[in-house]
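Undergrad: Can you read through this structure? Questions will come right after.
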Amino acid sequence: MAGAESPGRVRGSAWTWRPVARDALLARAFHSCTELQGRFYLVGGLLEGGARMPSSDTVIFDPTRGQAVQLPAQGPLRSHHDAALVGGRWLCVVGGWDGSRRLATVSVLDTESGVWEVWKANPSSCPPAGLSSHTCTRLSDRELRVSGREGGTRTQRRYGSIYTLKLDHSTRTYCYKEEGYHTVSRSGHSAALLPTTGPHPGHQLLLFGGCNSVEPEVAGQWSHGKIKEETPVAPRLVEQLARLVSSGQGLQQGPQSLRHHSCSVVGPFAVLFGGETLTRARDTICNDLYIYDTRTSPPQWFHFPCPDRGLKRVGHRTCLWNDQLYLVGGFGEDGRTASPQVCILELFV
């Protein structure tokens, strides 16, 4: 493991990703990255562009020490999946591609023992046909909201499905329940559980990208007090983002036809970065920063382009921890070379 020096501020840019660590174990894309007790758990992914068979390894990165280690136990072959924590201990990997088919099963890492478990579907479960490039959002410690386009190896449905996934770590079981409505057909989108303002405050789950639509789509709404999930506290970063969107340096436009980008909720903001655009035949991988500001009604988009082509990423992840937003993995500008770097978002405001 070796540290990485900051390349410095790119002239004309209000932000950059500053490298803080580098390790070959972290070089992957279309993986999951989940924070637990100050460590990032990276599961699976593709190690190089064009690879059909995903990785089965699990890497644990300690951002305090800048060190990465590989878990001895082999996990499931997975890419284009999503993951969420249950019970402060079990890392649940939901769906994804195993090298031959799309899955809807749940594989679970017991982070205390370091052992992978296969949980069983409840007899009343109504699982999706198969999921990849979907989203999985925590609503509570035992309930997730899954959104994506179902499909098998050869065909996919022309609409997006929404499921509630209930997990019971005491019985090692899970249960899918399909919600009674569909979304636009999306793949490679992101999801953000954000607070709503106005006379009826609460929360809503918004889907961004993964199709030609510019506007986000609502995949769930809850009144005040229904959602108990608490996002990590990041007062310094929230203040910096507020100064950035009010600086006048951003364009008031949202992402169009963007997929395989990253999305993290930071207070009242959804921060989107990178991804692949569907609007161009060439040079499709992006390095743009988008901020969705829910403090106003209606919410506003802010777009901050970047002239540094070295920051282009697709299939990467961002993770909020200790008042910093971390960027982990992803393919670079060529769409084939996985980045071994870990970076933090640096704002010049």
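As shown in the structure tokens, the chain order sets the letters A, B, ...; within each chain, residues go from 1, and ligands are also counted from 1 in the order they appear.
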Give me the residues of region 76-149 of chain A that have any atom at most 8 Å from an atom of region 38-52 of chain A; for each, the nearest atom pair and the distance in Å, rounded to one decimal. Use only C-alpha atoms, sort by chain and number, and format it as CSV.
TA:
residue,atom,partner,partner_atom,distance
A:Pro76,CA,A:Gly44,CA,7.6
A:Leu77,CA,A:Gly44,CA,6.5
A:Arg78,CA,A:Gly44,CA,5.2
A:Ser79,CA,A:Gly45,CA,4.2
A:His80,CA,A:Gly45,CA,6.9
A:Gly99,CA,A:Arg52,CA,5.8
Undergrad: Which residues, written as a list in words, have at least one atom at most 12 Å from His169 (chain A), with only C-alpha atoms counted and residues fewer than 6 positions away on the same chain left out?
TA: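 Residues near the query, excluding close chain neighbours: Leu85, Val86, Gly87, Gly88, Arg89, Trp90, Leu91, Cys92, Val106, Ser107, Val108, Leu109, Asp110, Glu117, Val118, Trp119, Lys120, Asp141, Arg142, Glu143 and Cys175 of chain A.
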Undergrad: Just the residues within 9 Å of region 158-160 of chain A, please, counting only C-alpha atoms, with nothing from its chain fewer than 6 positions along; format it as a short mmCIF file (atom, residue, chain, number, x, y, z; two decimals) with all heavy atoms, in the first residue's frame.
TA:
data_model
loop_
_atom_site.label_atom_id
_atom_site.label_comp_id
_atom_site.auth_asym_id
_atom_site.auth_seq_id
_atom_site.Cartn_x
_atom_site.Cartn_y
_atom_site.Cartn_z
N SER A 147 -35.13 -1.39 -6.54
CA SER A 147 -35.70 -0.82 -7.75
C SER A 147 -34.83 -1.17 -8.95
O SER A 147 -33.60 -1.00 -8.91
CB SER A 147 -35.81 0.70 -7.64
OG SER A 147 -36.22 1.27 -8.86
N GLY A 148 -35.44 -1.66 -10.01
CA GLY A 148 -34.68 -1.98 -11.22
C GLY A 148 -35.53 -2.70 -12.24
O GLY A 148 -36.69 -3.04 -12.00
N ARG A 149 -34.91 -2.93 -13.37
CA ARG A 149 -35.56 -3.63 -14.47
C ARG A 149 -35.29 -5.11 -14.36
O ARG A 149 -34.15 -5.56 -14.36
CB ARG A 149 -35.03 -3.08 -15.80
CG ARG A 149 -35.70 -3.62 -17.04
CD ARG A 149 -35.19 -2.89 -18.26
NE ARG A 149 -33.76 -3.09 -18.47
CZ ARG A 149 -32.99 -2.29 -19.21
NH1 ARG A 149 -33.52 -1.20 -19.75
NH2 ARG A 149 -31.72 -2.54 -19.37
N GLU A 150 -36.36 -5.90 -14.27
CA GLU A 150 -36.20 -7.35 -14.17
C GLU A 150 -35.84 -7.96 -15.52
O GLU A 150 -36.16 -7.41 -16.57
CB GLU A 150 -37.51 -7.99 -13.68
CG GLU A 150 -37.94 -7.58 -12.31
CD GLU A 150 -39.25 -8.25 -11.93
OE1 GLU A 150 -39.26 -9.49 -11.84
OE2 GLU A 150 -40.25 -7.54 -11.75
N HIS A 182 -45.13 0.56 -11.19
CA HIS A 182 -43.88 0.41 -11.93
C HIS A 182 -43.26 1.78 -12.21
O HIS A 182 -43.91 2.81 -12.06
CB HIS A 182 -44.12 -0.33 -13.25
CG HIS A 182 -44.58 -1.74 -13.07
ND1 HIS A 182 -45.75 -2.22 -13.63
CD2 HIS A 182 -44.03 -2.78 -12.40
CE1 HIS A 182 -45.90 -3.49 -13.30
NE2 HIS A 182 -44.87 -3.85 -12.55
N THR A 183 -42.01 1.75 -12.63
CA THR A 183 -41.31 2.98 -13.01
C THR A 183 -40.91 2.87 -14.48
O THR A 183 -41.11 1.84 -15.13
CB THR A 183 -40.05 3.18 -12.16
OG1 THR A 183 -39.08 2.18 -12.49
CG2 THR A 183 -40.36 3.10 -10.67
N VAL A 184 -40.32 3.94 -14.98
CA VAL A 184 -39.69 3.90 -16.30
C VAL A 184 -38.62 2.82 -16.28
O VAL A 184 -38.00 2.55 -15.25
CB VAL A 184 -39.08 5.27 -16.63
CG1 VAL A 184 -38.23 5.22 -17.89
CG2 VAL A 184 -40.18 6.32 -16.78
N SER A 185 -38.41 2.18 -17.41
CA SER A 185 -37.37 1.16 -17.52
C SER A 185 -36.01 1.80 -17.29
O SER A 185 -35.58 2.67 -18.06
CB SER A 185 -37.42 0.49 -18.89
OG SER A 185 -36.39 -0.46 -19.02
N ARG A 186 -35.33 1.40 -16.21
CA ARG A 186 -34.03 1.97 -15.84
C ARG A 186 -33.04 0.86 -15.54
O ARG A 186 -33.38 -0.15 -14.95
CB ARG A 186 -34.15 2.87 -14.60
CG ARG A 186 -35.01 4.10 -14.79
CD ARG A 186 -35.15 4.88 -13.49
NE ARG A 186 -36.08 5.98 -13.60
CZ ARG A 186 -35.75 7.22 -13.90
NH1 ARG A 186 -34.47 7.52 -14.09
NH2 ARG A 186 -36.66 8.17 -14.00
N SER A 187 -31.78 1.10 -15.93
CA SER A 187 -30.69 0.19 -15.60
C SER A 187 -29.42 1.02 -15.44
O SER A 187 -29.15 1.90 -16.26
CB SER A 187 -30.51 -0.85 -16.71
OG SER A 187 -29.44 -1.72 -16.41
#
Undergrad: CA of His134 (chain A) and CA of Gln70 (chain A) are how many Å apart?
TA: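 Those two atoms sit 25.6 Å apart.
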Undergrad: Calculated over only C-alpha atoms, which of the candidates A:Pro307, A:Gly335, A:Gly329, A:Pro216 has the smallest distance to Asp23 (chain A)?
TA: A:Gly329
Undergrad: So how many Å separate CA of Ser170 (chain A) and CA of Val115 (chain A), to one decimal?
TA: 16.0 Å
Undergrad: Could you name the residues that touch Val214 (chain A) at 12 Å or less, counting only C-alpha atoms, but leaving out those on the same chain fewer than 2 positions away, as JSON, numbers by chain?
TA: {"A": [184, 189, 207, 208, 209, 210, 211, 212, 216, 217, 253, 254, 255, 256, 257, 258, 259, 277, 278, 279, 301]}
Undergrad: Just asking: which residues within region 53-145 of chain A are strand (DSSP E or B) according to DSSP, as a PyMOL selection string?
TA: chain A and resi 58-62+67-70+79+82-86+90-97+102-110+115-118+120-121+131+135-140+143-145
Undergrad: Check the smallest atom-to-atom distance from each of A:Thr231, A:Ser213, A:Ser124, A:Ser262 to Arg138 (chain A) using only C-alpha atoms, then report the winner.
TA: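 Between A:Thr231, A:Ser213, A:Ser124, A:Ser262, the residue approaching Arg138 (chain A) most closely is A:Thr231.
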